[in-house]
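For reference, my_file02.txt (compact mmCIF, C-alpha atoms):
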```txt
# COMPACT_ATOMS: atom_id res chain seq x y z
CA MET L 1 -39.03 10.71 7.31
CA SER L 2 -39.67 12.57 4.09
CA ILE L 3 -39.20 9.54 1.82
CA ASP L 4 -42.51 7.87 0.87
CA GLU L 5 -41.30 4.40 -0.05
CA ARG L 6 -44.69 3.13 -1.17
CA ALA L 7 -45.09 6.02 -3.61
CA ILE L 8 -41.60 5.43 -5.01
CA VAL L 9 -42.14 1.69 -5.48
CA GLU L 10 -45.49 2.28 -7.19
CA ALA L 11 -44.02 4.95 -9.48
CA VAL L 12 -40.96 2.91 -10.48
CA SER L 13 -43.01 -0.26 -10.93
CA GLY L 14 -45.33 1.65 -13.24
CA LEU L 15 -42.58 2.80 -15.58
CA GLY L 16 -43.05 -0.28 -17.74
CA PHE L 17 -39.57 -1.67 -18.34
CA ALA L 18 -39.85 -2.80 -21.96
CA ALA L 19 -36.92 -4.14 -23.96
CA ASN L 20 -35.96 -2.64 -27.30
CA GLU L 21 -35.21 -4.62 -30.46
CA GLU L 22 -31.74 -5.47 -29.08
CA GLY L 23 -33.16 -6.88 -25.85
CA LEU L 24 -31.94 -3.93 -23.75
CA ILE L 25 -34.15 -1.88 -21.43
CA PRO L 26 -33.47 1.87 -21.67
CA ALA L 27 -34.34 3.39 -18.29
CA PHE L 28 -32.80 5.85 -15.81
CA GLY L 29 -30.35 6.97 -18.47
CA LEU L 30 -28.95 3.41 -18.54
CA TYR L 31 -29.36 0.23 -20.50
CA LEU L 32 -30.67 -2.47 -18.17
CA THR L 33 -31.17 -6.16 -18.80
CA ARG L 34 -33.65 -8.64 -17.37
CA HIS L 35 -32.27 -12.01 -16.29
CA PHE L 36 -33.56 -14.84 -14.18
CA SER L 37 -32.02 -14.42 -10.73
CA ASP L 38 -30.91 -18.05 -10.74
CA TYR L 39 -28.86 -17.34 -13.87
CA TYR L 40 -26.66 -14.97 -11.88
CA ASN L 41 -26.69 -17.19 -8.80
CA ARG L 42 -25.58 -20.37 -10.51
CA ILE L 43 -22.75 -18.67 -12.38
CA SER L 44 -21.54 -16.92 -9.22
CA TYR L 45 -21.67 -19.92 -6.93
CA ALA L 46 -20.12 -22.24 -9.53
CA PHE L 47 -17.31 -19.71 -9.93
CA LEU L 48 -16.78 -19.62 -6.17
CA HIS L 49 -16.88 -23.38 -5.74
CA ASP L 50 -14.51 -23.94 -8.65
CA TYR L 51 -12.01 -21.57 -7.06
CA ILE L 52 -12.28 -23.28 -3.68
CA ARG L 53 -12.08 -26.78 -5.18
CA GLN L 54 -9.09 -26.03 -7.39
CA ALA L 55 -7.22 -23.73 -5.00
CA PRO L 56 -8.74 -23.34 -1.53
CA GLU L 57 -6.33 -20.54 -0.71
CA LEU L 58 -8.00 -18.43 -3.44
CA GLY L 59 -11.48 -18.69 -1.92
CA GLU L 60 -11.25 -15.29 -0.27
CA ASP L 61 -10.11 -13.75 -3.55
CA ALA L 62 -13.17 -15.23 -5.27
CA ARG L 63 -15.50 -13.78 -2.65
CA GLU L 64 -13.84 -10.40 -3.02
CA LEU L 65 -14.30 -10.49 -6.79
CA LEU L 66 -18.01 -11.23 -6.40
CA GLN L 67 -18.37 -8.30 -4.00
CA GLU L 68 -16.40 -6.10 -6.37
CA ALA L 69 -18.99 -6.92 -9.03
CA GLY L 70 -21.59 -5.54 -6.63
CA ARG L 71 -19.61 -2.36 -6.04
CA VAL L 72 -19.17 -1.76 -9.76
CA CYS L 73 -22.86 -2.49 -10.33
CA ALA L 74 -23.83 0.02 -7.65
CA PHE L 75 -21.48 2.64 -9.06
CA ASN L 76 -23.01 2.46 -12.52
CA THR L 77 -26.61 1.45 -11.79
CA PHE L 78 -27.28 3.35 -8.56
CA GLY L 79 -25.24 6.28 -9.85
CA GLY L 80 -27.21 6.34 -13.08
CA ILE L 81 -30.53 6.11 -11.27
CA MET L 82 -29.71 8.90 -8.82
CA THR L 83 -28.78 11.28 -11.65
CA SER L 84 -31.68 10.37 -13.96
CA VAL L 85 -34.74 12.36 -14.98
CA GLU L 86 -36.88 9.64 -13.41
CA TRP L 87 -35.16 10.18 -10.06
CA ASP L 88 -35.60 13.93 -10.38
CA ALA L 89 -39.30 13.47 -11.06
CA VAL L 90 -40.16 10.81 -8.47
CA VAL L 91 -37.63 10.81 -5.63
CA ARG L 92 -35.79 14.10 -5.52
CA PRO L 93 -38.86 16.20 -4.56
CA MET L 94 -39.02 14.14 -1.33
CA ILE L 95 -35.35 14.61 -0.40
CA GLU L 96 -34.56 16.90 2.52
CA THR L 97 -31.25 15.47 3.79
CA ARG L 98 -28.32 13.50 2.42
CA GLU L 99 -29.62 10.48 4.32
CA ASP L 100 -32.77 10.70 2.18
CA TRP L 101 -30.62 9.87 -0.86
CA VAL L 102 -29.81 6.52 0.78
CA ARG L 103 -33.41 5.84 1.78
CA GLY L 104 -34.70 6.89 -1.61
CA MET L 105 -32.32 4.55 -3.41
CA VAL L 106 -33.31 1.66 -1.13
CA ALA L 107 -36.94 2.33 -2.05
CA VAL L 108 -36.07 2.14 -5.75
CA VAL L 109 -34.26 -1.17 -5.14
CA ASN L 110 -37.49 -2.56 -3.74
CA ALA L 111 -39.16 -2.08 -7.12
CA LEU L 112 -36.47 -4.13 -8.92
CA GLY L 113 -37.13 -7.60 -7.50
CA TRP L 114 -33.92 -8.11 -5.53
CA GLY L 115 -35.65 -8.90 -2.23
CA ARG L 116 -37.16 -6.56 0.34
CA TRP L 117 -34.50 -4.09 1.53
CA SER L 118 -34.95 -1.91 4.61
CA VAL L 119 -32.69 0.60 6.33
CA HIS L 120 -32.25 -0.77 9.83
CA ALA L 121 -29.74 1.89 10.93
CA LEU L 122 -28.06 4.84 9.27
CA GLN L 123 -25.41 6.91 10.99
CA GLY L 124 -24.71 9.85 8.72
CA GLY L 125 -21.56 9.38 6.73
CA GLU L 126 -20.22 6.60 8.91
CA ARG L 127 -22.40 3.47 8.94
CA LEU L 128 -25.37 1.84 7.23
CA VAL L 129 -27.18 -1.36 8.22
CA VAL L 130 -29.49 -2.85 5.60
CA ARG L 131 -31.69 -5.86 6.26
CA ILE L 132 -33.03 -7.91 3.36
CA ALA L 133 -36.02 -10.24 3.42
CA ASP L 134 -36.13 -12.86 0.65
CA SER L 135 -32.74 -11.98 -0.80
CA TYR L 136 -32.63 -13.64 -4.20
CA GLU L 137 -28.98 -14.57 -3.67
CA ALA L 138 -29.60 -16.37 -0.38
CA THR L 139 -32.90 -18.00 -1.32
CA GLY L 140 -31.44 -19.03 -4.68
CA PHE L 141 -28.46 -20.58 -2.95
CA LEU L 142 -30.74 -22.69 -0.76
CA ARG L 143 -32.56 -24.02 -3.82
CA ASP L 144 -29.34 -25.51 -5.18
CA TYR L 145 -27.35 -26.30 -2.03
CA PRO L 146 -28.25 -27.78 1.36
CA GLY L 147 -27.09 -24.72 3.30
CA SER L 148 -24.04 -22.67 4.07
CA ASP L 149 -21.79 -21.91 6.99
CA GLU L 150 -21.05 -18.43 5.64
CA PRO L 151 -22.99 -15.50 4.11
CA ARG L 152 -23.82 -15.70 0.40
CA CYS L 153 -25.20 -12.29 -0.65
CA PHE L 154 -22.10 -11.08 -2.43
CA LEU L 155 -23.71 -8.71 -4.94
CA ALA L 156 -25.90 -7.09 -2.28
CA THR L 157 -22.92 -6.67 0.04
CA GLY L 158 -20.99 -4.83 -2.65
CA GLY L 159 -24.11 -2.84 -3.50
CA VAL L 160 -24.61 -1.54 0.03
CA ALA L 161 -20.98 -0.41 0.19
CA GLY L 162 -21.36 1.17 -3.22
CA LEU L 163 -24.42 3.14 -2.18
CA MET L 164 -22.62 4.66 0.80
CA ASN L 165 -19.58 5.48 -1.32
CA LEU L 166 -21.73 7.27 -3.89
CA VAL L 167 -23.55 9.36 -1.31
CA TYR L 168 -20.85 10.08 1.28
CA GLN L 169 -17.39 9.26 -0.06
CA GLY L 170 -18.10 10.72 -3.48
CA ASP L 171 -20.92 13.15 -4.07
CA VAL L 172 -23.61 11.80 -6.36
CA THR L 173 -25.68 14.91 -5.60
CA ALA L 174 -23.21 16.91 -7.73
CA ARG L 175 -23.90 14.69 -10.78
CA PRO L 176 -20.33 13.49 -11.42
CA VAL L 177 -19.21 11.72 -14.57
CA PHE L 178 -19.21 8.00 -13.79
CA SER L 179 -15.85 7.23 -15.32
CA GLU L 180 -13.29 4.59 -14.41
CA GLU L 181 -11.11 7.35 -12.94
CA TYR L 182 -13.94 8.53 -10.70
CA TYR L 183 -14.57 4.96 -9.55
CA VAL L 184 -10.93 4.56 -8.50
CA GLU L 185 -10.97 7.93 -6.74
CA VAL L 186 -14.09 7.13 -4.72
CA PHE L 187 -13.87 3.38 -4.14
CA ARG L 188 -10.13 2.89 -3.69
CA ASP L 189 -9.58 5.58 -1.07
CA ALA L 190 -8.53 4.35 2.36
CA ARG L 191 -11.65 5.94 3.83
CA SER L 192 -14.07 4.40 1.36
CA PHE L 193 -16.87 2.22 2.67
CA ARG L 194 -16.55 -1.53 2.91
CA ALA L 195 -19.37 -3.90 3.79
CA HIS L 196 -19.79 -7.31 5.34
CA GLU L 197 -22.80 -9.57 5.78
CA THR L 198 -23.58 -10.29 9.43
CA LEU L 199 -26.75 -12.35 8.95
CA CYS L 200 -27.77 -14.52 6.01
CA ILE L 201 -30.78 -16.70 5.24
CA ALA L 202 -28.44 -19.13 3.50
CA ARG L 203 -26.89 -20.08 6.84
CA GLY L 204 -30.15 -20.24 8.76
CA ASP L 205 -30.70 -16.65 9.91
CA ALA L 206 -34.17 -15.09 9.74
CA CYS L 207 -33.03 -12.39 7.31
CA CYS L 208 -29.91 -11.12 5.62
CA GLU L 209 -28.12 -8.14 7.17
CA ILE L 210 -25.33 -6.09 5.61
CA VAL L 211 -23.27 -3.51 7.45
CA ALA L 212 -21.27 -0.86 5.59
CA GLU L 213 -18.64 1.16 7.46
CA ARG L 214 -15.78 3.45 6.56
CA GLY L 215 -12.29 2.08 6.16
CA GLY L 216 -9.44 3.08 8.43
CA ASP L 217 -7.95 6.57 8.60
```
Using structure tokens, write down the structure from this file.
Amino acid sequence: MSIDERAIVEAVSGLGFAANEEGLIPAFGLYLTRHFSDYYNRISYAFLHDYIRQAPELGEDARELLQEAGRVCAFNTFGGIMTSVEWDAVVRPMIETREDWVRGMVAVVNALGWGRWSVHALQGGERLVVRIADSYEATGFLRDYPGSDEPRCFLATGGVAGLMNLVYQGDVTARPVFSEEYYVEVFRDARSFRAHETLCIARGDACCEIVAERGGD
């Protein structure tokens, strides 16, 4: 493989993400923020539990909304990173194939503190399997709840689908404008990628595993 993950993690970690006077972190052509992971977790899981408690039939809708947040995050954050000057300087010189865009982005993720992502399987423009050690969503859930009978990594699930949509359904390599119209075009197509979590630490599995596959024809 042409992607040197260690070099990417070291380079991104050394960028020095410092907030400006407004508390925002300008990096990768974006404005990032730094939050405690439990801040996100507690809001998300309280939202989900409130939906289920008040109207159990809306539980699936709540899960879908949390995954949609992950898809939108991937569209803007991953899209911004993969079209940034930092990406061009650090990652792009290593890229030889379209699959390297996926592997390169996963390496960048591993410098951001979201858990340890790894590409377990990647089948061109059809399927991606990502495994995550120490997912902050799953480990955070277990700190506040006794356990779960279902997967809990909603943001990561949406993010994995979003990554595949950016690389294969859309074409991030062409540096598109990340507008709302482009999001609808790429993510709402019948052939766009959807993802589901097959393993999750929150329900007792050894790691979290997310599988992204194309929708129906």
Given the point (-14.6, 2.2, 11.1) in the coordinates of this file, which residues lie within 12 Å, counting all atoms listed in the file, and how would they look as a ChimeraX atom specification? /L:123,125-128,190-195,211-217
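Each of L:Val108, L:Leu32, L:Cys207, L:Ala156 was checked against Leu66 (chain L) using all atoms listed in the file; the smallest atom-to-atom distance is that of L:Ala156.
CA of Val106 (chain L) is found 11.3 Å from CA of Asp4 (chain L).
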At a cut-off of 9 Å, using all atoms listed in the file, what residues contact Val130 (chain L)? Leave out same-chain residues fewer than 4 positions from it and give the result as a PyMOL selection string. chain L and resi 106+117-122+160+208-212
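Our summary of the geometry notes that CA of Asn20 (chain L) is positioned 25.8 Å from CA of Ala107 (chain L).
Minimum atom-to-atom distance to Pro146 (chain L), evaluated using only C-alpha atoms, belongs to L:Ala202 out of L:Ala55, L:Val129, L:Leu24, L:Ala202.
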Closest of L:Glu180, L:Glu57, L:Asp171, L:Asp149 to Arg203 (chain L) - atom-to-atom distances counting all atoms listed in the file: L:Asp149
Could you build a table of the residues in region 97-176 of chain L lying no more than 10 Å from region 42-52 of chain L, giving for each the nearest pair of atoms and their separation in Å rounded to one decimal place, using only C-alpha atoms, ordered by chain and ascending residue number, as CSV?
```
residue,atom,partner,partner_atom,distance
L:Glu137,CA,L:Ser44,CA,9.6
L:Gly140,CA,L:Arg42,CA,8.4
L:Phe141,CA,L:Tyr45,CA,7.9
L:Asp144,CA,L:Arg42,CA,8.3
L:Tyr145,CA,L:Tyr45,CA,9.8
L:Arg152,CA,L:Tyr45,CA,8.7
L:Phe154,CA,L:Ser44,CA,9.0
L:Leu155,CA,L:Ser44,CA,9.5
```
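Residue nearest Leu142 (chain L), chosen from L:Thr83, L:Thr33, L:Asn41, L:Thr198 and counting only C-alpha atoms: L:Asn41.
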Counting only C-alpha atoms, which residues of region 166-217 of chain L fall within 8 Å of region 74-78 of chain L, and what is the closest atom pair for each with its distance in Å at one decimal, ordered by chain and rising number, as CSV?
```
residue,atom,partner,partner_atom,distance
L:Leu166,CA,L:Phe75,CA,6.9
L:Phe178,CA,L:Asn76,CA,6.8
L:Tyr183,CA,L:Phe75,CA,7.3
```
If we count only C-alpha atoms and set the cut-off at 12 Å, which residues sit around Gly23 (chain L), ignoring sequence neighbours fewer than 3 positions away in its own chain? Please answer as a PyMOL selection string. chain L and resi 17-20+26+31-35
Resulting file, chosen residues, C-alpha atoms, as a compact mmCIF listing (two decimals), in the coordinates of the input:
```txt
# COMPACT_ATOMS: atom_id res chain seq x y z
CA PHE L 17 -39.57 -1.67 -18.34
CA ALA L 18 -39.85 -2.80 -21.96
CA ALA L 19 -36.92 -4.14 -23.96
CA ASN L 20 -35.96 -2.64 -27.30
CA PRO L 26 -33.47 1.87 -21.67
CA TYR L 31 -29.36 0.23 -20.50
CA LEU L 32 -30.67 -2.47 -18.17
CA THR L 33 -31.17 -6.16 -18.80
CA ARG L 34 -33.65 -8.64 -17.37
CA HIS L 35 -32.27 -12.01 -16.29
```
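Distance check against Arg116 (chain L) using only C-alpha atoms: of L:Arg131, L:Arg53, L:Arg98, L:Arg63, the minimum falls on L:Arg131.
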CA of Asn165 (chain L) to CA of Ala11 (chain L), straight-line distance in Å: 25.8 Å
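For the set L:Val9, L:Val72, L:Val167, L:Ile201, the residue with the smallest atom-to-atom gap to Thr97 (chain L) is L:Val167, counting all atoms listed in the file.
Point (-32.3, 6.1, -14.1) has the following residues at most 6 Å away: Ala27, Phe28, Gly29, Gly80, Ile81, Ser84 and Glu86 of chain L (atoms considered: all atoms listed in the file).
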